[in-house]
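Data from input.cif: mmCIF, C-alpha atoms and all ligand atoms
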```cif
data_query
#
loop_
_atom_site.label_atom_id
_atom_site.label_comp_id
_atom_site.auth_asym_id
_atom_site.auth_seq_id
_atom_site.Cartn_x
_atom_site.Cartn_y
_atom_site.Cartn_z
CA MET A 918 99.36 182.87 159.71
CA GLU A 919 101.05 179.58 160.56
CA LYS A 920 102.42 179.35 164.09
CA ALA A 921 106.16 178.77 164.45
CA GLU A 922 105.65 175.55 166.44
CA ASN A 923 103.67 174.06 163.53
CA MET A 924 106.47 174.67 161.06
CA PRO A 925 108.56 171.60 160.20
CA PRO A 926 112.10 171.77 161.61
CA GLU A 927 114.95 172.96 159.41
CA ALA A 928 116.21 170.34 156.94
CA ILE A 929 119.15 170.03 154.56
CA TRP A 930 117.76 169.83 151.01
CA PHE A 931 119.22 167.76 148.17
CA LEU A 932 117.31 169.01 145.12
CA PHE A 933 117.81 167.30 141.78
CA ASN A 934 117.11 168.19 138.18
CA SER A 935 117.31 164.74 136.57
CA ASP A 936 120.71 163.46 137.79
CA ARG A 937 122.16 166.93 138.54
CA LEU A 938 122.28 168.30 142.07
CA LEU A 939 121.22 171.91 142.65
CA LEU A 940 123.76 173.88 144.72
CA ARG A 941 123.86 177.49 145.83
CA THR A 942 126.67 179.60 144.42
CA PRO A 943 129.43 180.02 145.30
CA ALA A 944 129.37 176.23 145.46
CA ASN A 945 132.45 175.62 147.57
CA GLY A 946 131.41 173.75 150.71
CA PRO A 947 128.56 172.26 152.75
CA ASP A 948 126.80 175.67 152.77
CA ALA A 949 126.04 175.13 149.08
CA LEU A 950 123.07 173.01 150.25
CA CYS A 951 119.91 174.84 151.33
CA ARG A 952 118.98 174.61 155.01
CA SER A 953 115.34 175.53 155.50
CA ALA A 954 112.03 174.07 156.69
CA GLY A 955 110.70 173.72 153.15
CA PRO A 956 112.52 173.17 149.85
CA PRO A 957 113.73 176.30 147.99
CA PHE A 958 111.84 175.09 144.86
CA PRO A 959 108.59 173.06 144.74
CA PRO A 960 109.10 169.25 144.75
CA ALA A 961 108.34 167.50 141.45
CA GLY A 962 107.75 164.11 143.11
CA LYS A 963 108.22 162.31 146.41
CA VAL A 964 110.29 163.87 149.19
CA HIS A 965 112.74 161.17 150.34
CA ILE A 966 114.15 161.14 153.87
CA LEU A 967 117.87 160.32 153.68
CA GLY A 968 118.98 160.37 157.32
CA ARG A 969 120.70 163.01 159.42
CA HIS A 970 123.84 165.11 159.01
CA GLU A 971 125.15 166.63 162.25
CA GLY A 972 121.70 166.08 163.77
CA ILE A 973 119.79 167.79 160.93
CA LEU A 974 117.30 165.81 158.85
CA CYS A 975 118.30 165.46 155.19
CA LYS A 976 115.69 165.30 152.41
CA ALA A 977 115.90 164.80 148.66
CA CYS A 978 113.49 165.35 145.78
CA LEU A 979 113.24 166.27 142.15
CA ALA A 980 112.53 169.99 141.86
CA HIS A 981 110.27 172.07 139.64
CA LEU A 982 112.76 174.66 138.42
CA PRO A 983 111.63 177.98 136.99
CA GLY A 984 114.40 177.80 134.36
CA ALA A 985 116.55 180.69 135.55
CA GLU A 986 117.67 179.75 139.04
CA GLN A 987 119.64 182.82 140.02
CA GLY A 988 122.27 182.01 142.62
CA PHE A 989 122.21 178.26 141.91
CA VAL A 990 124.32 175.90 139.86
CA GLN A 991 123.67 172.28 138.81
CA VAL A 992 126.46 169.74 139.30
CA GLY A 993 126.95 166.00 138.79
CA LEU A 994 127.48 163.73 141.81
CA ARG A 995 131.23 163.36 141.26
CA ALA A 996 131.64 167.14 141.34
CA ALA A 997 129.45 167.20 144.47
CA TYR A 998 132.05 165.03 146.25
CA ASP A 999 134.73 167.68 145.69
CA ILE A 1000 132.40 170.49 146.79
CA LEU A 1001 130.51 168.95 149.74
CA GLY A 1002 132.94 166.41 151.17
CA GLU A 1003 132.33 162.71 151.76
CA PRO A 1004 129.44 162.58 154.31
CA LEU A 1005 127.19 164.92 152.31
CA TYR A 1006 128.24 163.31 149.01
CA ARG A 1007 127.10 159.95 150.43
CA LEU A 1008 123.70 161.45 151.30
CA ALA A 1009 123.45 163.07 147.86
CA GLY A 1010 124.20 159.66 146.30
CA LYS A 1011 121.48 158.03 148.38
CA GLY A 1012 119.07 160.78 147.32
CA ARG A 1013 119.90 160.23 143.67
CA GLU A 1014 119.40 156.44 144.07
CA MET A 1015 115.99 156.97 145.73
CA ILE A 1016 114.90 159.34 142.95
CA HIS A 1017 116.15 156.94 140.27
CA TRP A 1018 114.06 154.21 141.94
CA GLU A 1019 111.02 156.53 142.11
CA GLU A 1020 111.40 157.38 138.40
CA HIS A 1021 111.58 153.70 137.42
CA THR A 1022 108.72 152.32 139.53
CA ARG A 1023 105.89 154.65 138.48
CA HIS A 1024 104.27 151.68 136.73
CA CYS A 1025 104.16 148.03 137.69
CA PRO A 1026 106.59 146.02 135.48
CA ALA A 1027 104.21 143.01 135.63
CA CYS A 1028 100.81 144.55 134.73
CA GLY A 1029 101.53 148.20 133.87
CA THR A 1030 99.20 149.70 136.50
CA GLY A 1031 100.33 152.97 138.13
CA THR A 1032 101.95 152.22 141.50
CA GLU A 1033 101.17 153.78 144.89
CA PRO A 1034 103.48 154.61 147.80
CA ASP A 1035 103.67 151.77 150.34
CA THR A 1036 106.54 152.41 152.79
CA HIS A 1037 109.50 154.77 152.29
CA LEU A 1038 111.30 151.79 150.67
CA SER A 1039 108.45 150.22 148.71
CA GLN A 1040 105.84 151.01 146.04
CA ARG A 1041 102.71 148.86 145.72
CA CYS A 1042 100.79 147.93 142.60
CA PRO A 1043 97.02 148.25 143.22
CA GLY A 1044 96.40 146.07 140.13
CA CYS A 1045 98.24 142.87 141.06
CA GLY A 1046 99.49 143.60 144.58
CA ARG A 1047 103.17 143.40 143.63
CA LEU A 1048 105.61 145.25 145.92
CA LEU A 1049 108.51 147.09 144.29
CA PHE A 1050 111.70 147.74 146.26
CA PRO A 1051 114.81 149.74 145.31
CA HIS A 1052 116.96 147.69 142.97
CA ILE A 1053 120.70 147.55 143.72
CA THR A 1054 123.18 146.16 141.18
CA PRO A 1055 126.34 144.58 142.67
CA ALA A 1056 129.66 144.73 140.85
CA ILE A 1057 133.13 143.57 141.87
CA LEU A 1058 136.54 145.25 141.85
CA ALA A 1059 139.66 143.08 141.88
CA LEU A 1060 143.09 144.33 142.92
CA VAL A 1061 145.52 141.72 141.57
CA ARG A 1062 149.06 141.72 142.99
CA ARG A 1063 152.10 140.14 141.38
CA ARG A 1064 155.14 140.37 143.65
CA ASP A 1065 155.75 144.16 144.01
CA ARG A 1066 153.33 145.18 141.26
CA ILE A 1067 149.57 145.56 140.75
CA LEU A 1068 147.41 144.93 137.73
CA LEU A 1069 145.81 148.11 136.37
CA VAL A 1070 143.58 148.33 133.33
CA ARG A 1071 142.40 151.06 131.04
CA ALA A 1072 138.80 150.45 129.94
CA ARG A 1073 137.33 151.82 126.72
CA THR A 1074 134.59 153.50 128.79
CA PHE A 1075 137.04 155.60 130.90
CA THR A 1076 136.69 159.29 130.10
CA GLY A 1077 139.85 160.53 131.87
CA PRO A 1078 143.48 159.45 131.33
CA HIS A 1079 143.47 157.15 134.38
CA TYR A 1080 143.82 153.42 134.87
CA GLY A 1081 141.62 151.39 137.23
CA LEU A 1082 141.05 147.92 138.64
CA VAL A 1083 139.41 144.98 136.91
CA ALA A 1084 135.66 145.46 137.43
CA GLY A 1085 132.43 143.83 136.36
CA PHE A 1086 128.80 143.13 137.19
CA LEU A 1087 127.60 140.14 139.15
CA GLU A 1088 125.72 137.60 137.03
CA PRO A 1089 122.69 135.55 138.15
CA GLY A 1090 123.66 132.41 140.06
CA GLU A 1091 127.16 133.69 140.79
CA SER A 1092 128.91 134.42 144.11
CA LEU A 1093 130.89 137.65 144.40
CA GLU A 1094 134.11 135.59 144.59
CA GLU A 1095 133.22 133.69 141.40
CA CYS A 1096 132.43 136.98 139.73
CA ALA A 1097 135.85 138.40 140.69
CA ARG A 1098 137.69 135.32 139.33
CA ARG A 1099 135.63 135.32 136.13
CA GLU A 1100 136.15 139.03 135.46
CA VAL A 1101 139.94 138.84 135.91
CA LEU A 1102 140.07 135.78 133.66
CA GLU A 1103 137.80 137.29 130.99
CA GLU A 1104 139.51 140.67 130.91
CA THR A 1105 143.15 139.55 131.19
CA GLY A 1106 143.33 135.77 130.79
CA LEU A 1107 144.89 135.46 134.27
CA ALA A 1108 143.87 132.96 136.97
CA VAL A 1109 144.06 134.37 140.50
CA GLY A 1110 144.72 132.96 143.97
CA ASN A 1111 142.71 133.29 147.19
CA LEU A 1112 140.51 136.34 147.47
CA THR A 1113 140.52 138.67 150.47
CA TYR A 1114 137.51 140.92 151.02
CA PHE A 1115 138.55 144.59 151.13
CA GLY A 1116 135.28 146.51 151.52
CA SER A 1117 132.26 147.81 149.67
CA GLN A 1118 130.81 151.12 148.56
CA PRO A 1119 127.42 152.34 147.33
CA TRP A 1120 127.88 153.50 143.74
CA PRO A 1121 124.94 155.72 142.82
CA TYR A 1122 125.54 155.70 139.04
CA PRO A 1123 122.65 154.96 139.08
CA SER A 1124 122.22 152.25 141.75
CA GLY A 1125 125.28 150.05 142.15
CA LEU A 1126 127.20 148.47 144.99
CA MET A 1127 130.93 147.99 144.45
CA VAL A 1128 132.53 145.08 146.33
CA GLY A 1129 136.34 144.99 146.44
CA PHE A 1130 138.64 141.95 146.66
CA VAL A 1131 142.44 141.67 146.81
CA THR A 1132 144.10 138.68 145.20
CA ASP A 1133 147.35 137.44 143.62
CA ASN A 1134 148.65 136.14 140.34
CA ALA A 1135 152.17 134.69 140.11
CA ASP A 1136 152.81 134.65 136.38
CA GLY A 1137 151.34 134.30 132.91
CA GLU A 1138 150.93 136.59 129.97
CA ILE A 1139 148.08 139.08 129.84
CA LEU A 1140 145.55 138.28 127.10
CA LEU A 1141 143.65 141.52 126.72
CA GLN A 1142 139.89 141.47 126.21
CA GLU A 1143 139.93 144.09 123.50
CA GLU A 1144 136.18 144.76 123.40
CA GLU A 1145 136.39 146.23 126.91
CA LEU A 1146 140.02 147.22 127.51
CA ILE A 1147 142.60 149.37 125.74
CA HIS A 1148 145.53 148.31 127.93
CA ALA A 1149 146.38 146.24 131.00
CA ALA A 1150 149.72 145.78 132.76
CA PHE A 1151 151.38 145.16 136.14
CA PHE A 1152 152.70 148.47 137.47
CA PRO A 1153 155.33 148.98 140.22
CA ARG A 1154 154.79 151.30 143.20
CA LEU A 1155 157.05 153.98 141.74
CA GLY A 1156 155.74 153.72 138.18
CA LEU A 1157 151.98 154.06 138.62
CA PRO A 1158 149.88 155.74 135.92
CA ALA A 1159 147.11 158.29 136.63
CA LEU A 1160 144.78 156.75 139.25
CA PRO A 1161 140.96 156.82 139.70
CA HIS A 1162 139.19 159.67 141.55
CA PRO A 1163 139.69 159.57 145.37
CA LEU A 1164 135.95 159.05 145.90
CA SER A 1165 136.10 155.57 144.38
CA LEU A 1166 136.60 152.27 146.18
CA ALA A 1167 139.14 151.36 143.46
CA ARG A 1168 141.30 154.31 144.52
CA ARG A 1169 141.01 153.39 148.21
CA MET A 1170 142.15 149.87 147.40
CA ILE A 1171 145.11 151.15 145.39
CA ASP A 1172 145.99 153.66 148.14
CA ALA A 1173 145.92 150.87 150.77
CA TRP A 1174 148.29 148.82 148.58
CA ILE A 1175 150.61 151.84 148.19
CA LEU A 1176 150.65 152.33 151.97
CA ASP A 1177 151.40 148.64 152.44
CA MET A 1178 154.24 148.78 149.90
CA ASP A 1179 155.77 151.83 151.54
CA ARG A 1180 155.59 150.18 154.98
CA HIS A 1181 157.08 146.90 153.80
CA ARG A 1182 159.54 148.05 151.16
CA GLU A 1183 162.03 145.54 152.67
CA PRO A 1184 161.24 142.66 152.52
CA PRO A 1185 158.65 142.60 149.68
CA LEU A 1186 154.95 142.09 150.42
CA PRO A 1187 154.23 138.40 151.16
CA ARG A 1188 152.13 136.71 148.52
CA LEU A 1189 148.90 134.88 149.25
CA PRO A 1190 148.89 131.13 148.49
CA LEU A 1191 147.93 130.30 144.91
CA LEU A 1192 144.50 129.14 143.92
CA GLN A 1193 143.81 125.44 143.70
CA LYS A 1194 142.78 125.02 140.07
ZN ZN A 1201 100.84 145.05 138.88
#
```
Show me, as structure tokens, the structure contained in the file I just sent.
Ligand SMILES: [Zn+2]
Amino acid sequence: MEKAENMPPEAIWFLFNSDRLLLRTPANGPDALCRSAGPPFPPAGKVHILGRHEGILCKACLAHLPGAEQGFVQVGLRAAYDILGEPLYRLAGKGREMIHWEEHTRHCPACGTGTEPDTHLSQRCPGCGRLLFPHITPAILALVRRRDRILLVRARTFTGPHYGLVAGFLEPGESLEECARREVLEETGLAVGNLTYFGSQPWPYPSGLMVGFVTDNADGEILLQEEELIHAAFFPRLGLPALPHPLSLARRMIDAWILDMDRHREPPLPRLPLLQK
């Protein structure tokens, strides 16, 4: 029999079935995650170390599931945010990103040889020696102000009834600021002024990084990019449409603007100087 001191210490387990997180029912709080020395189901790949939550080591892996997991439910990451709260959602997102990376680096993209573990953040190709690191895809969000209104858009890809901010992926050779200007121009035909960095957020769908900027536009008609957007308009504080989920950076940016508007209702929010063309 194994001695107690040889047992690994208790860990919090983030078990995935593809991109779904396994939670214990009733799934209504942090206790929905298993806390045990070993995983409740056998790992179907690497066990990734995510960091610590309240001093306890957190681990993630794909799981071999028997098919009828009594007492468990599988949820998407967005639902996990509502159930687990932000700190554990962030760890779940990191786990999902690590597993996505693991799933997409089993073979070397240059020579096709099966890769081997190198460090916890790298795979090595024994064929050509190439090192493979997790791939992160940056994208921008732009909150565009016009006097006491903000620009909100409704993209064709949105599943809910909400509006969001102008967003788009960084292109090769482009700075984040250039990307933000280009996306606003492409999606709405509007040129914007100086950009102020707001913040960033890992976006594990599957491996993004959202980078938020605040900027201004004084006037001009919106020319909608119809391939991507259904509608775009400047909305006042008291006439906002349905907003993005609170977990998103877009929502945090909009909430910060709302707070600012409510603080400075009189006089109106000062505008940033306009962009030199
Ligand atoms: Zn190779």
Enumerate, in order of chain and increasing residue number, the residues of chain A with an atom no farther than 8 Å from ligand ZN 1201 (chain A), each with its shortest atom pair and distance in Å to one decimal, counting all atoms listed in the file, as JSON lines.
```
{"residue": "A:His1024", "atom": "CA", "partner": "A:ZN1201", "partner_atom": "ZN", "distance": 7.8}
{"residue": "A:Cys1025", "atom": "CA", "partner": "A:ZN1201", "partner_atom": "ZN", "distance": 4.6}
{"residue": "A:Pro1026", "atom": "CA", "partner": "A:ZN1201", "partner_atom": "ZN", "distance": 6.8}
{"residue": "A:Ala1027", "atom": "CA", "partner": "A:ZN1201", "partner_atom": "ZN", "distance": 5.1}
{"residue": "A:Cys1028", "atom": "CA", "partner": "A:ZN1201", "partner_atom": "ZN", "distance": 4.2}
{"residue": "A:Gly1029", "atom": "CA", "partner": "A:ZN1201", "partner_atom": "ZN", "distance": 6.0}
{"residue": "A:Thr1030", "atom": "CA", "partner": "A:ZN1201", "partner_atom": "ZN", "distance": 5.5}
{"residue": "A:Gly1031", "atom": "CA", "partner": "A:ZN1201", "partner_atom": "ZN", "distance": 8.0}
{"residue": "A:Thr1032", "atom": "CA", "partner": "A:ZN1201", "partner_atom": "ZN", "distance": 7.7}
{"residue": "A:Cys1042", "atom": "CA", "partner": "A:ZN1201", "partner_atom": "ZN", "distance": 4.7}
{"residue": "A:Pro1043", "atom": "CA", "partner": "A:ZN1201", "partner_atom": "ZN", "distance": 6.6}
{"residue": "A:Gly1044", "atom": "CA", "partner": "A:ZN1201", "partner_atom": "ZN", "distance": 4.7}
{"residue": "A:Cys1045", "atom": "CA", "partner": "A:ZN1201", "partner_atom": "ZN", "distance": 4.0}
{"residue": "A:Gly1046", "atom": "CA", "partner": "A:ZN1201", "partner_atom": "ZN", "distance": 6.0}
{"residue": "A:Arg1047", "atom": "CA", "partner": "A:ZN1201", "partner_atom": "ZN", "distance": 5.5}
```
Atom CA of Tyr1114 of chain A to atom CA of Phe1130 of chain A measures 4.6 Å
Which residues, written as a PyMOL selection string, have at least one atom at most 10 Å from Arg1013 of chain A, with only C-alpha atoms counted and residues fewer than 5 positions away on the same chain left out?
-> chain A and resi 931-933+935-938+965+977-979+994+1007-1008+1018-1019+1121-1124
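If you measure from each of A:Leu1176, A:Met1015, A:Ala1009, A:Val1109 to Leu1038 of chain A using all atoms listed in the file, the closest one turns out to be A:Met1015.
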Neighbouring residues of Ile1067 of chain A were defined as those with any atom within 10 Å, considering only C-alpha atoms; residues of the same chain fewer than 4 positions away were excluded. Please report them as a PDB file with C-alpha atoms, keeping the file's coordinate frame.
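Result file selection15.pdb:
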```pdb
ATOM      1  CA  LEU A1060     143.090 144.330 142.920  1.00  0.00           C
ATOM      2  CA  VAL A1061     145.520 141.720 141.570  1.00  0.00           C
ATOM      3  CA  ARG A1062     149.060 141.720 142.990  1.00  0.00           C
ATOM      4  CA  ARG A1063     152.100 140.140 141.380  1.00  0.00           C
ATOM      5  CA  LEU A1082     141.050 147.920 138.640  1.00  0.00           C
ATOM      6  CA  THR A1132     144.100 138.680 145.200  1.00  0.00           C
ATOM      7  CA  ASP A1133     147.350 137.440 143.620  1.00  0.00           C
ATOM      8  CA  ASN A1134     148.650 136.140 140.340  1.00  0.00           C
ATOM      9  CA  ALA A1150     149.720 145.780 132.760  1.00  0.00           C
ATOM     10  CA  PHE A1151     151.380 145.160 136.140  1.00  0.00           C
ATOM     11  CA  PHE A1152     152.700 148.470 137.470  1.00  0.00           C
ATOM     12  CA  PRO A1153     155.330 148.980 140.220  1.00  0.00           C
ATOM     13  CA  ARG A1154     154.790 151.300 143.200  1.00  0.00           C
ATOM     14  CA  LEU A1157     151.980 154.060 138.620  1.00  0.00           C
ATOM     15  CA  ILE A1171     145.110 151.150 145.390  1.00  0.00           C
ATOM     16  CA  TRP A1174     148.290 148.820 148.580  1.00  0.00           C
ATOM     17  CA  ILE A1175     150.610 151.840 148.190  1.00  0.00           C
TER      18      ILE A1175
END
```
Taking into account all atoms listed in the file, which residue in the set A:Lys976, A:His1037, A:Leu940, A:Thr1105 is nearest to Ala996 of chain A?
-> A:Leu940
Rounded to one decimal place, report the atom CA of Thr942 of chain A-atom CA of Lys963 of chain A distance in Å.
-> 25.4 Å
If we count all atoms listed in the file, what is near Cys951 of chain A at a cut-off of 9 Å, once residues fewer than 3 positions away on the same chain are taken out, given as a ChimeraX atom specification?
-> /A:928-932,940-941,948,956-957
Measuring atom to atom with all atoms listed in the file, identify which of A:Phe1075, A:Val964, A:Gln1142, A:Asn934 is nearest to Gly984 of chain A.
-> A:Asn934
